[in-house]
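Source file final15.cif; content: mmCIF, C-alpha atoms and all ligand atoms.
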data_my_file
loop_
_atom_site.label_atom_id
_atom_site.label_comp_id
_atom_site.auth_asym_id
_atom_site.auth_seq_id
_atom_site.Cartn_x
_atom_site.Cartn_y
_atom_site.Cartn_z
CA MET A 1 161.25 138.87 -49.87
CA THR A 2 158.75 138.06 -52.59
CA GLN A 3 155.28 137.71 -51.19
CA ARG A 4 153.65 134.34 -51.49
CA ILE A 5 150.17 133.50 -52.74
CA PHE A 6 148.51 130.14 -52.36
CA ILE A 7 145.53 129.24 -54.57
CA SER A 8 143.39 126.37 -53.31
CA ARG A 9 141.90 125.30 -56.65
CA LYS A 10 143.38 124.92 -60.10
CA LEU A 11 142.70 128.12 -62.06
CA PRO A 12 143.52 128.80 -65.74
CA ASP A 13 147.10 129.97 -66.33
CA GLU A 14 146.01 133.20 -68.01
CA VAL A 15 144.09 134.22 -64.90
CA ILE A 16 147.07 133.90 -62.58
CA ALA A 17 149.70 135.15 -65.05
CA PRO A 18 149.50 138.76 -63.73
CA LEU A 19 150.16 137.52 -60.20
CA LYS A 20 153.17 135.51 -61.29
CA GLU A 21 154.90 138.67 -62.51
CA ASN A 22 155.22 140.04 -59.00
CA TYR A 23 154.57 137.22 -56.59
CA ASP A 24 155.56 133.72 -55.75
CA VAL A 25 152.40 131.80 -56.69
CA LYS A 26 151.61 128.24 -55.73
CA MET A 27 148.43 126.46 -56.73
CA TRP A 28 146.73 123.20 -55.83
CA ASP A 29 146.85 121.47 -59.18
CA LYS A 30 144.51 118.48 -58.93
CA GLU A 31 141.63 119.47 -61.13
CA ASP A 32 139.23 116.80 -59.91
CA ARG A 33 139.33 117.34 -56.15
CA PRO A 34 139.75 120.02 -53.52
CA ILE A 35 142.86 120.33 -51.42
CA PRO A 36 142.74 118.27 -48.21
CA TYR A 37 142.32 120.54 -45.19
CA GLU A 38 145.60 119.43 -43.56
CA GLU A 39 147.54 120.39 -46.67
CA LEU A 40 145.89 123.76 -46.81
CA VAL A 41 146.92 124.37 -43.20
CA LYS A 42 150.53 123.60 -44.20
CA GLU A 43 150.39 125.84 -47.27
CA VAL A 44 148.95 128.80 -45.40
CA LYS A 45 151.86 128.92 -42.94
CA ASP A 46 154.08 131.00 -45.21
CA ALA A 47 151.41 132.54 -47.43
CA ASP A 48 150.73 136.28 -47.57
CA ALA A 49 147.52 135.72 -49.49
CA LEU A 50 145.10 132.88 -50.00
CA LEU A 51 142.61 132.42 -52.81
CA THR A 52 139.89 130.01 -51.70
CA THR A 53 136.60 128.62 -52.95
CA LEU A 54 133.46 127.68 -51.05
CA SER A 55 134.78 124.11 -50.65
CA GLU A 56 137.42 125.28 -48.17
CA ASN A 57 136.72 125.64 -44.48
CA VAL A 58 138.48 128.90 -43.63
CA ASN A 59 138.18 128.51 -39.88
CA LYS A 60 140.01 130.02 -36.93
CA GLU A 61 142.71 127.34 -36.94
CA LEU A 62 143.51 127.92 -40.60
CA LEU A 63 143.53 131.69 -40.24
CA THR A 64 145.75 131.47 -37.16
CA ALA A 65 148.17 129.17 -38.97
CA GLY A 66 148.73 131.91 -41.54
CA ASN A 67 151.49 133.76 -39.70
CA LYS A 68 151.87 136.36 -42.45
CA LEU A 69 148.42 136.09 -43.91
CA LYS A 70 146.96 139.44 -45.00
CA ILE A 71 144.04 138.45 -47.22
CA VAL A 72 141.76 135.58 -48.06
CA ALA A 73 140.01 136.16 -51.39
CA ASN A 74 137.03 133.82 -51.41
CA MET A 75 135.75 133.07 -54.89
CA ALA A 76 132.02 133.32 -54.11
CA VAL A 77 129.56 135.95 -53.04
CA GLY A 78 128.67 133.85 -49.98
CA TYR A 79 131.30 133.60 -47.24
CA ASP A 80 129.66 131.29 -44.73
CA ASN A 81 132.72 129.05 -45.15
CA VAL A 82 134.89 131.76 -43.55
CA ASP A 83 135.12 132.55 -39.84
CA ILE A 84 134.63 136.30 -40.19
CA SER A 85 134.98 137.15 -36.52
CA SER A 86 138.37 135.40 -36.26
CA ALA A 87 139.53 137.15 -39.42
CA LYS A 88 138.58 140.48 -37.86
CA ASP A 89 140.44 139.63 -34.65
CA LEU A 90 143.52 138.61 -36.60
CA GLY A 91 143.39 141.63 -38.91
CA ILE A 92 143.05 139.52 -42.03
CA THR A 93 141.09 141.03 -44.92
CA ILE A 94 138.36 138.81 -46.39
CA THR A 95 136.99 139.55 -49.84
CA ASN A 96 134.14 137.98 -51.80
CA THR A 97 132.89 138.32 -55.38
CA PRO A 98 129.62 140.28 -55.33
CA ASP A 99 127.96 141.95 -58.33
CA VAL A 100 129.91 140.15 -61.07
CA LEU A 101 127.80 137.02 -60.54
CA THR A 102 124.42 138.61 -59.86
CA GLU A 103 122.84 138.20 -63.29
CA SER A 104 124.19 134.71 -64.00
CA THR A 105 123.02 133.44 -60.64
CA ALA A 106 119.59 135.00 -61.15
CA ASP A 107 119.41 133.35 -64.58
CA LEU A 108 120.11 129.96 -63.03
CA ALA A 109 117.61 130.48 -60.22
CA PHE A 110 114.93 131.37 -62.73
CA ALA A 111 115.91 128.50 -65.01
CA LEU A 112 115.60 126.14 -62.04
CA LEU A 113 112.14 127.54 -61.36
CA LEU A 114 111.11 126.95 -64.98
CA ALA A 115 112.75 123.54 -65.22
CA THR A 116 111.02 122.34 -62.06
CA ALA A 117 107.62 123.85 -62.91
CA ARG A 118 107.64 122.49 -66.46
CA ARG A 119 109.36 119.18 -65.54
CA MET A 120 112.02 119.80 -68.14
CA ILE A 121 114.73 117.49 -66.82
CA GLU A 122 112.25 114.65 -66.37
CA ALA A 123 110.95 115.32 -69.89
CA SER A 124 114.41 115.32 -71.41
CA GLU A 125 115.23 112.02 -69.73
CA TYR A 126 111.93 110.63 -70.99
CA VAL A 127 112.86 111.43 -74.58
CA LYS A 128 116.47 110.27 -74.27
CA ASN A 129 115.43 107.01 -72.61
CA GLY A 130 113.21 106.19 -75.57
CA ASP A 131 110.04 106.33 -73.46
CA TRP A 132 108.28 108.76 -75.82
CA LYS A 133 105.79 106.62 -77.70
CA SER A 134 103.03 109.13 -78.41
CA TRP A 135 101.85 112.65 -77.68
CA SER A 136 99.15 112.59 -75.05
CA PRO A 137 97.03 115.32 -73.47
CA LEU A 138 98.53 115.34 -69.99
CA LEU A 139 101.92 113.86 -70.76
CA LEU A 140 104.43 115.56 -68.45
CA ALA A 141 101.98 118.35 -67.69
CA GLY A 142 103.52 120.76 -65.20
CA HIS A 143 102.61 124.11 -63.63
CA ASP A 144 102.20 127.48 -65.31
CA VAL A 145 104.72 130.11 -64.31
CA HIS A 146 103.26 133.21 -65.97
CA ARG A 147 100.87 135.32 -63.89
CA LYS A 148 101.58 133.22 -60.80
CA THR A 149 102.96 134.50 -57.49
CA ILE A 150 106.67 134.30 -56.81
CA GLY A 151 107.90 134.72 -53.24
CA ILE A 152 111.53 135.74 -52.97
CA VAL A 153 113.23 135.06 -49.65
CA GLY A 154 116.31 137.29 -49.48
CA MET A 155 115.90 140.42 -51.58
CA GLY A 156 119.56 141.25 -52.12
CA SER A 157 121.02 142.05 -55.52
CA ILE A 158 120.36 138.54 -56.86
CA GLY A 159 116.80 138.61 -55.50
CA LYS A 160 116.12 141.88 -57.28
CA VAL A 161 117.32 140.53 -60.60
CA VAL A 162 115.20 137.40 -60.15
CA ALA A 163 112.26 139.73 -59.49
CA LYS A 164 113.09 141.58 -62.70
CA ARG A 165 113.04 138.27 -64.59
CA ALA A 166 109.64 137.56 -62.97
CA THR A 167 108.16 140.81 -64.32
CA GLY A 168 108.70 139.43 -67.82
CA PHE A 169 106.42 136.53 -66.88
CA ASP A 170 103.78 138.93 -65.51
CA MET A 171 104.22 137.42 -62.07
CA ASN A 172 102.93 138.84 -58.83
CA ILE A 173 106.07 139.44 -56.73
CA LEU A 174 106.25 139.02 -52.96
CA TYR A 175 109.42 139.20 -50.90
CA TYR A 176 110.66 138.68 -47.41
CA ASN A 177 113.91 140.19 -46.20
CA ARG A 178 115.44 141.41 -42.95
CA SER A 179 114.95 144.98 -44.15
CA ARG A 180 112.50 146.56 -46.58
CA LYS A 181 113.87 147.16 -50.09
CA GLN A 182 112.15 150.28 -51.30
CA ASP A 183 113.84 150.18 -54.73
CA ALA A 184 112.48 146.67 -55.43
CA GLU A 185 109.03 147.87 -54.40
CA ASP A 186 109.17 151.04 -56.53
CA GLU A 187 110.91 149.65 -59.59
CA LEU A 188 109.60 146.10 -59.76
CA GLY A 189 106.32 146.26 -57.89
CA ALA A 190 107.53 143.74 -55.31
CA LYS A 191 105.41 143.59 -52.17
CA TYR A 192 106.95 143.08 -48.74
CA VAL A 193 105.22 140.43 -46.62
CA ASP A 194 106.15 138.47 -43.52
CA PHE A 195 107.63 135.01 -43.90
CA ASP A 196 104.43 133.10 -43.14
CA GLU A 197 102.39 135.13 -45.59
CA LEU A 198 105.00 134.60 -48.28
CA LEU A 199 104.86 130.84 -47.70
CA ALA A 200 101.07 130.79 -47.81
CA GLN A 201 100.58 133.01 -50.87
CA SER A 202 103.40 131.99 -53.20
CA ASP A 203 103.24 129.50 -56.06
CA PHE A 204 107.03 129.64 -56.31
CA ILE A 205 109.22 130.18 -53.28
CA VAL A 206 112.75 131.14 -54.28
CA CYS A 207 115.37 131.16 -51.57
CA LEU A 208 118.36 133.46 -52.09
CA THR A 209 119.24 134.40 -48.54
CA PRO A 210 122.83 134.14 -47.27
CA LEU A 211 123.49 131.39 -44.73
CA THR A 212 123.78 132.86 -41.23
CA GLU A 213 122.87 131.75 -37.71
CA GLU A 214 119.40 133.20 -38.30
CA THR A 215 118.74 131.59 -41.68
CA LYS A 216 120.06 128.12 -40.86
CA ASP A 217 117.16 125.63 -40.97
CA MET A 218 114.75 128.37 -42.00
CA PHE A 219 112.80 125.89 -44.15
CA THR A 220 111.52 123.17 -41.85
CA ARG A 221 108.48 120.89 -42.04
CA GLU A 222 106.47 123.64 -40.42
CA ALA A 223 107.39 126.06 -43.22
CA PHE A 224 106.64 123.53 -45.98
CA LYS A 225 103.26 122.79 -44.38
CA LYS A 226 102.35 126.46 -44.75
CA MET A 227 103.01 126.38 -48.50
CA LYS A 228 100.40 125.56 -51.14
CA GLN A 229 100.26 121.91 -52.19
CA THR A 230 101.02 123.12 -55.71
CA ALA A 231 104.03 125.17 -54.58
CA VAL A 232 107.45 124.74 -56.10
CA PHE A 233 110.42 125.48 -53.84
CA VAL A 234 113.69 126.70 -55.35
CA ASN A 235 116.94 126.99 -53.41
CA ALA A 236 119.89 128.78 -54.98
CA SER A 237 121.47 130.08 -51.76
CA ARG A 238 123.04 127.56 -49.38
CA GLY A 239 121.94 124.04 -48.48
CA PRO A 240 121.74 124.42 -44.70
CA VAL A 241 118.92 127.00 -44.90
CA VAL A 242 116.78 123.92 -45.59
CA ASN A 243 116.15 120.90 -43.42
CA GLU A 244 116.51 118.27 -46.15
CA LYS A 245 114.70 115.53 -44.25
CA ASP A 246 111.73 117.87 -43.79
CA LEU A 247 111.84 118.84 -47.46
CA TYR A 248 111.83 115.17 -48.43
CA ASP A 249 108.86 114.45 -46.17
CA ALA A 250 106.96 117.47 -47.51
CA LEU A 251 107.52 116.32 -51.10
CA VAL A 252 106.63 112.69 -50.46
CA SER A 253 103.48 113.54 -48.54
CA GLY A 254 102.37 116.00 -51.23
CA GLU A 255 102.57 119.08 -49.02
CA ILE A 256 104.42 120.80 -51.86
CA ALA A 257 104.69 119.89 -55.53
CA GLY A 258 108.35 120.11 -56.38
CA ALA A 259 111.80 121.44 -55.58
CA GLY A 260 114.60 122.88 -57.69
CA LEU A 261 117.85 122.66 -55.78
CA ASP A 262 121.23 124.06 -56.72
CA VAL A 263 122.66 123.66 -53.22
CA PHE A 264 122.70 120.96 -50.54
CA VAL A 265 123.62 120.53 -46.90
CA ASN A 266 126.56 118.32 -47.91
CA GLU A 267 128.21 119.05 -51.23
CA PRO A 268 128.70 117.03 -53.31
CA ILE A 269 125.44 115.38 -52.21
CA ASP A 270 125.58 111.58 -51.96
CA ALA A 271 124.07 110.03 -55.10
CA ASP A 272 121.99 107.77 -52.83
CA HIS A 273 120.38 110.67 -51.01
CA PRO A 274 116.58 110.14 -50.83
CA LEU A 275 115.86 113.59 -52.31
CA LEU A 276 117.58 112.56 -55.53
CA LYS A 277 115.22 109.63 -55.95
CA LEU A 278 112.21 111.92 -56.38
CA LYS A 279 111.17 112.82 -59.90
CA GLN A 280 109.75 116.12 -58.69
CA VAL A 281 113.22 117.22 -57.58
CA VAL A 282 115.53 118.96 -60.03
CA ALA A 283 119.10 118.88 -58.73
CA MET A 284 122.07 120.93 -59.90
CA PRO A 285 125.68 120.75 -58.65
CA HIS A 286 125.92 124.30 -57.22
CA ILE A 287 126.26 126.01 -60.60
CA GLY A 288 124.48 129.30 -59.89
CA SER A 289 127.31 131.45 -61.16
CA ALA A 290 128.76 128.87 -63.53
CA THR A 291 129.11 130.55 -66.90
CA GLY A 292 132.50 130.98 -68.52
CA GLU A 293 132.10 134.76 -68.54
CA THR A 294 131.07 135.07 -64.91
CA ARG A 295 133.54 132.58 -63.47
CA ASN A 296 136.31 134.46 -65.26
CA LYS A 297 135.13 137.74 -63.74
CA MET A 298 135.04 136.12 -60.29
CA MET A 299 138.58 134.78 -60.64
CA LYS A 300 139.83 138.17 -61.87
CA LEU A 301 138.18 139.95 -58.98
CA CYS A 302 139.95 137.61 -56.54
CA VAL A 303 143.27 138.32 -58.26
CA GLU A 304 142.66 142.09 -58.14
CA ASN A 305 141.72 141.98 -54.47
CA ILE A 306 144.92 140.11 -53.67
CA GLU A 307 147.04 142.52 -55.72
CA ALA A 308 145.45 145.48 -53.96
CA VAL A 309 145.99 144.19 -50.43
CA LEU A 310 149.52 142.91 -51.06
CA SER A 311 150.49 146.34 -52.36
CA ASN A 312 148.97 148.02 -49.31
CA LYS A 313 145.94 149.36 -51.08
CA LYS A 314 142.33 148.93 -50.06
CA ALA A 315 140.62 145.71 -51.10
CA ILE A 316 138.02 146.22 -53.84
CA THR A 317 135.27 144.04 -52.36
CA PRO A 318 136.01 143.46 -48.65
CA VAL A 319 133.23 141.80 -46.67
CA PHE A 320 133.85 144.01 -43.60
C1 LIG B 401 128.02 130.71 -54.84
O1 LIG B 401 127.22 130.03 -54.30
C2 LIG B 401 128.50 131.94 -54.34
O2 LIG B 401 128.29 132.25 -53.16
O3 LIG B 401 129.14 132.65 -55.11
C1 LIG B 402 101.42 121.72 -78.20
O1 LIG B 402 102.57 121.62 -78.63
C2 LIG B 402 100.30 122.09 -78.98
O2 LIG B 402 100.46 122.31 -80.20
O3 LIG B 402 99.22 122.17 -78.39
#
Represent the structure contained in this file as structure tokens.
Amino acid sequence: MTQRIFISRKLPDEVIAPLKENYDVKMWDKEDRPIPYEELVKEVKDADALLTTLSENVNKELLTAGNKLKIVANMAVGYDNVDISSAKDLGITITNTPDVLTESTADLAFALLLATARRMIEASEYVKNGDWKSWSPLLLAGHDVHRKTIGIVGMGSIGKVVAKRATGFDMNILYYNRSRKQDAEDELGAKYVDFDELLAQSDFIVCLTPLTEETKDMFTREAFKKMKQTAVFVNASRGPVVNEKDLYDALVSGEIAGAGLDVFVNEPIDADHPLLKLKQVVAMPHIGSATGETRNKMMKLCVENIEAVLSNKKAITPVF
């Protein structure tokens, strides 16, 4: 019997064309919204492979409902939306999309740092709203980036490429990670420090750590209090590493100067969320890897992982 693939988000036809040659492919086709969970549970019942995005909760119930399920190809480098231990128990391969998105995500993280430091979004709105009446000495004056200290939390492949970007701005580079990264130290001059020292010394704190039990709520009021009052906090990892209420309080009370956020605890974040009312917050809709080139590579990698596993070969980028 032809093996069946279910794709949880509408992907371009040319991306899934190779799959259609050999497999029975079904795809959620509403471009504007994710598939409701209950429908996904129904679809997985007779699927051999699932292609998911970070919007889907790939939990134990869903994995168990997939009677024939062999692989879930998650279109993201992060896989905190997948219950890895249940997948292991059930013998289901989980793949992610590392490497192909490293540079694009680092570009966005650095852009967010620059945009927040130099108040670029606020400035653009100022011009477009017709508020620009004259040049003035401190109009929209922000913070220098060059020669400042960047503190990278999570020195994985994206962290290293952010550090490389920082060398071009003559920045002093600190990092905190579970393990030392000798290559980042040797090649980029990054210095390993403990978390508290990173918070205290950095002008820019850039969070790139995966979301795990240990990193959940890593940035609380206590952490923000340890930062400089001029510090800019950037999060391009996952929302729940930050306590958003604490971040809001830290910003409002002037404990830190600004925040550039690509990720939120609840996505999409409610437009009425207090954080979005602050002019010192730059908010992006989780677009770290969102370039045409990179998203295409991520989709292709998912397709190739599925093809490999369904033809009894090894997955290309399994997470375990
Ligand atoms: C995006 O956040 C990803 O994990 O790829
Ligand atoms: C700024 O644009 C300047 O010319 O000083």
### Message
10 Å from ligand LIG 402 (chain B) is the threshold here; counting all atoms listed in the file, which polymer residues fall inside it? Answer as number ranges by chain.
### Response
A: 135-137
Return as a Markdown table the residues of chain A lying at most 10 Å from ligand LIG 401 (chain B), together with the closest atom-to-atom pair for each and the distance in Å to one decimal, counting all atoms listed in the file, with rows in chain order and ascending residue number.
| residue | atom | partner | partner_atom | distance |
| --- | --- | --- | --- | --- |
| A:Thr53 | CA | B:LIG401 | O3 | 8.7 |
| A:Leu54 | CA | B:LIG401 | O2 | 7.2 |
| A:Asn74 | CA | B:LIG401 | O3 | 8.8 |
| A:Met75 | CA | B:LIG401 | O3 | 6.6 |
| A:Ala76 | CA | B:LIG401 | O3 | 3.1 |
| A:Val77 | CA | B:LIG401 | O2 | 3.9 |
| A:Gly78 | CA | B:LIG401 | O2 | 3.6 |
| A:Tyr79 | CA | B:LIG401 | O2 | 6.8 |
| A:Asp80 | CA | B:LIG401 | O2 | 8.6 |
| A:Asn81 | CA | B:LIG401 | O2 | 9.7 |
| A:Asn96 | CA | B:LIG401 | O3 | 8.0 |
| A:Thr97 | CA | B:LIG401 | O3 | 6.8 |
| A:Pro98 | CA | B:LIG401 | O3 | 7.6 |
| A:Asp99 | CA | B:LIG401 | O3 | 9.9 |
| A:Val100 | CA | B:LIG401 | O3 | 9.6 |
| A:Leu101 | CA | B:LIG401 | O3 | 7.1 |
| A:Thr102 | CA | B:LIG401 | O3 | 9.0 |
| A:Thr105 | CA | B:LIG401 | C1 | 8.1 |
| A:Leu208 | CA | B:LIG401 | O1 | 9.8 |
| A:Pro210 | CA | B:LIG401 | O2 | 8.3 |
| A:Leu211 | CA | B:LIG401 | O2 | 9.7 |
| A:Ala236 | CA | B:LIG401 | O1 | 7.5 |
| A:Ser237 | CA | B:LIG401 | O1 | 6.3 |
| A:Arg238 | CA | B:LIG401 | O1 | 6.9 |
| A:Gly239 | CA | B:LIG401 | O1 | 9.9 |
| A:Asp262 | CA | B:LIG401 | O1 | 8.8 |
| A:Val263 | CA | B:LIG401 | O1 | 7.9 |
| A:His286 | CA | B:LIG401 | O1 | 6.6 |
| A:Ile287 | CA | B:LIG401 | O1 | 7.5 |
| A:Gly288 | CA | B:LIG401 | O1 | 6.3 |
| A:Ser289 | CA | B:LIG401 | C1 | 6.4 |
| A:Ala290 | CA | B:LIG401 | C1 | 8.9 |
| A:Arg295 | CA | B:LIG401 | O3 | 9.4 |
| A:Met298 | CA | B:LIG401 | O3 | 8.6 |
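Separating CA of Lys277 in chain A from CA of Thr209 in chain A is a distance of 26.2 Å.
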### Task
Using only C-alpha atoms, find the one residue out of A:Thr212, A:Tyr175, A:Tyr248, A:Asp107 that sits nearest to Val82 in chain A.
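So, comparing all the options, the nearest one is A:Thr212.
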Would you pick out the contacts of range 189-193 of chain A at 12 Å or less, using only C-alpha atoms, so that residues sharing its chain but fewer than 6 positions from it are not included, and give the list as a PDB file with C-alpha atoms, in the coordinates of the input?
ATOM      1  CA  THR A 149     102.960 134.500 -57.490  1.00  0.00           C
ATOM      2  CA  ILE A 150     106.670 134.300 -56.810  1.00  0.00           C
ATOM      3  CA  GLY A 151     107.900 134.720 -53.240  1.00  0.00           C
ATOM      4  CA  ILE A 152     111.530 135.740 -52.970  1.00  0.00           C
ATOM      5  CA  VAL A 153     113.230 135.060 -49.650  1.00  0.00           C
ATOM      6  CA  GLY A 154     116.310 137.290 -49.480  1.00  0.00           C
ATOM      7  CA  MET A 155     115.900 140.420 -51.580  1.00  0.00           C
ATOM      8  CA  GLY A 159     116.800 138.610 -55.500  1.00  0.00           C
ATOM      9  CA  LYS A 160     116.120 141.880 -57.280  1.00  0.00           C
ATOM     10  CA  VAL A 161     117.320 140.530 -60.600  1.00  0.00           C
ATOM     11  CA  VAL A 162     115.200 137.400 -60.150  1.00  0.00           C
ATOM     12  CA  ALA A 163     112.260 139.730 -59.490  1.00  0.00           C
ATOM     13  CA  LYS A 164     113.090 141.580 -62.700  1.00  0.00           C
ATOM     14  CA  ALA A 166     109.640 137.560 -62.970  1.00  0.00           C
ATOM     15  CA  THR A 167     108.160 140.810 -64.320  1.00  0.00           C
ATOM     16  CA  ASP A 170     103.780 138.930 -65.510  1.00  0.00           C
ATOM     17  CA  MET A 171     104.220 137.420 -62.070  1.00  0.00           C
ATOM     18  CA  ASN A 172     102.930 138.840 -58.830  1.00  0.00           C
ATOM     19  CA  ILE A 173     106.070 139.440 -56.730  1.00  0.00           C
ATOM     20  CA  LEU A 174     106.250 139.020 -52.960  1.00  0.00           C
ATOM     21  CA  TYR A 175     109.420 139.200 -50.900  1.00  0.00           C
ATOM     22  CA  TYR A 176     110.660 138.680 -47.410  1.00  0.00           C
ATOM     23  CA  ASN A 177     113.910 140.190 -46.200  1.00  0.00           C
ATOM     24  CA  ARG A 178     115.440 141.410 -42.950  1.00  0.00           C
ATOM     25  CA  SER A 179     114.950 144.980 -44.150  1.00  0.00           C
ATOM     26  CA  ARG A 180     112.500 146.560 -46.580  1.00  0.00           C
ATOM     27  CA  LYS A 181     113.870 147.160 -50.090  1.00  0.00           C
ATOM     28  CA  GLN A 182     112.150 150.280 -51.300  1.00  0.00           C
ATOM     29  CA  ASP A 183     113.840 150.180 -54.730  1.00  0.00           C
ATOM     30  CA  LEU A 199     104.860 130.840 -47.700  1.00  0.00           C
ATOM     31  CA  ALA A 200     101.070 130.790 -47.810  1.00  0.00           C
ATOM     32  CA  GLN A 201     100.580 133.010 -50.870  1.00  0.00           C
ATOM     33  CA  SER A 202     103.400 131.990 -53.200  1.00  0.00           C
TER      34      SER A 202
END
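Of the listed residues A:Glu31, A:Asp196, A:Glu185, A:Asp203, the one whose atoms come nearest to Glu222 in chain A is A:Asp196, with distances taken using only C-alpha atoms.
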### Task
Find the spatial neighbours of Met120 in chain A, counting all atoms listed in the file, within a cut-off of 10 Å - ignore same-chain residues fewer than 5 positions away - and output them as a PyMOL selection string.
chain A and resi 112+114-115+125-126+140+142+282
#### Entry: Neighbour residues at most 8 Å from (101.0, 126.0, -56.6) (only C-alpha atoms) as a list in words
His143, Ser202, Asp203, Phe204, Lys228, Gln229, Thr230, Ala231, Val232, Ile256 and Ala257 of chain A
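If all atoms listed in the file are the atoms counted, then among A:Glu214, A:Asp272, A:Glu103, A:Asp89 the closest residue to Thr294 in chain A is A:Glu103.
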### Task
Find the distance between CA of Phe6 in chain A and CA of Lys26 in chain A and write it in Å to one decimal.
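Result for CA of Phe6 in chain A versus CA of Lys26 in chain A: 5.0 Å, one decimal.
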### Message
Nearest residue to Asp46 in chain A out of A:Leu188, A:Ile158, A:Leu69, A:Leu63, using all atoms listed in the file?
### Response
A:Leu69
### Query
Which of these, A:Lys300, A:Ile92, A:Lys314, A:Val281, has the shortest distance to Ala17 in chain A once you count only C-alpha atoms?
A:Lys300
For Ser311 in chain A, please output as a PDB file with C-alpha atoms, in the coordinates of the input all residues within 12 Å (counting all atoms listed in the file; exclusion window: fewer than 4 positions along the same chain).
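Generated file (part-v3.pdb):
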ATOM      1  CA  THR A   2     158.750 138.060 -52.590  1.00  0.00           C
ATOM      2  CA  GLN A   3     155.280 137.710 -51.190  1.00  0.00           C
ATOM      3  CA  LEU A  19     150.160 137.520 -60.200  1.00  0.00           C
ATOM      4  CA  ASN A  22     155.220 140.040 -59.000  1.00  0.00           C
ATOM      5  CA  TYR A  23     154.570 137.220 -56.590  1.00  0.00           C
ATOM      6  CA  ASP A  48     150.730 136.280 -47.570  1.00  0.00           C
ATOM      7  CA  ALA A  49     147.520 135.720 -49.490  1.00  0.00           C
ATOM      8  CA  LYS A  70     146.960 139.440 -45.000  1.00  0.00           C
ATOM      9  CA  ILE A  71     144.040 138.450 -47.220  1.00  0.00           C
ATOM     10  CA  GLU A 304     142.660 142.090 -58.140  1.00  0.00           C
ATOM     11  CA  ASN A 305     141.720 141.980 -54.470  1.00  0.00           C
ATOM     12  CA  ILE A 306     144.920 140.110 -53.670  1.00  0.00           C
ATOM     13  CA  GLU A 307     147.040 142.520 -55.720  1.00  0.00           C
ATOM     14  CA  ALA A 315     140.620 145.710 -51.100  1.00  0.00           C
TER      15      ALA A 315
END
### Query
Can you tell me how far CA of Glu61 in chain A sits from CA of Glu39 in chain A, in Å to one decimal?
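Taking CA of Glu61 in chain A as the start and CA of Glu39 in chain A as the end point, the length is 12.9 Å.
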### Query
Which one of A:Thr317, A:Asn312, A:Thr291, A:Ser86 sits closest to Ala65 in chain A if you count all atoms listed in the file?
A:Ser86
### Test item: residues at most 8 Å from Leu247 in chain A, only C-alpha atoms, excluding those fewer than 3 positions along its chain, as a ChimeraX atom specification
/A:219-221,224,242-244,250-251
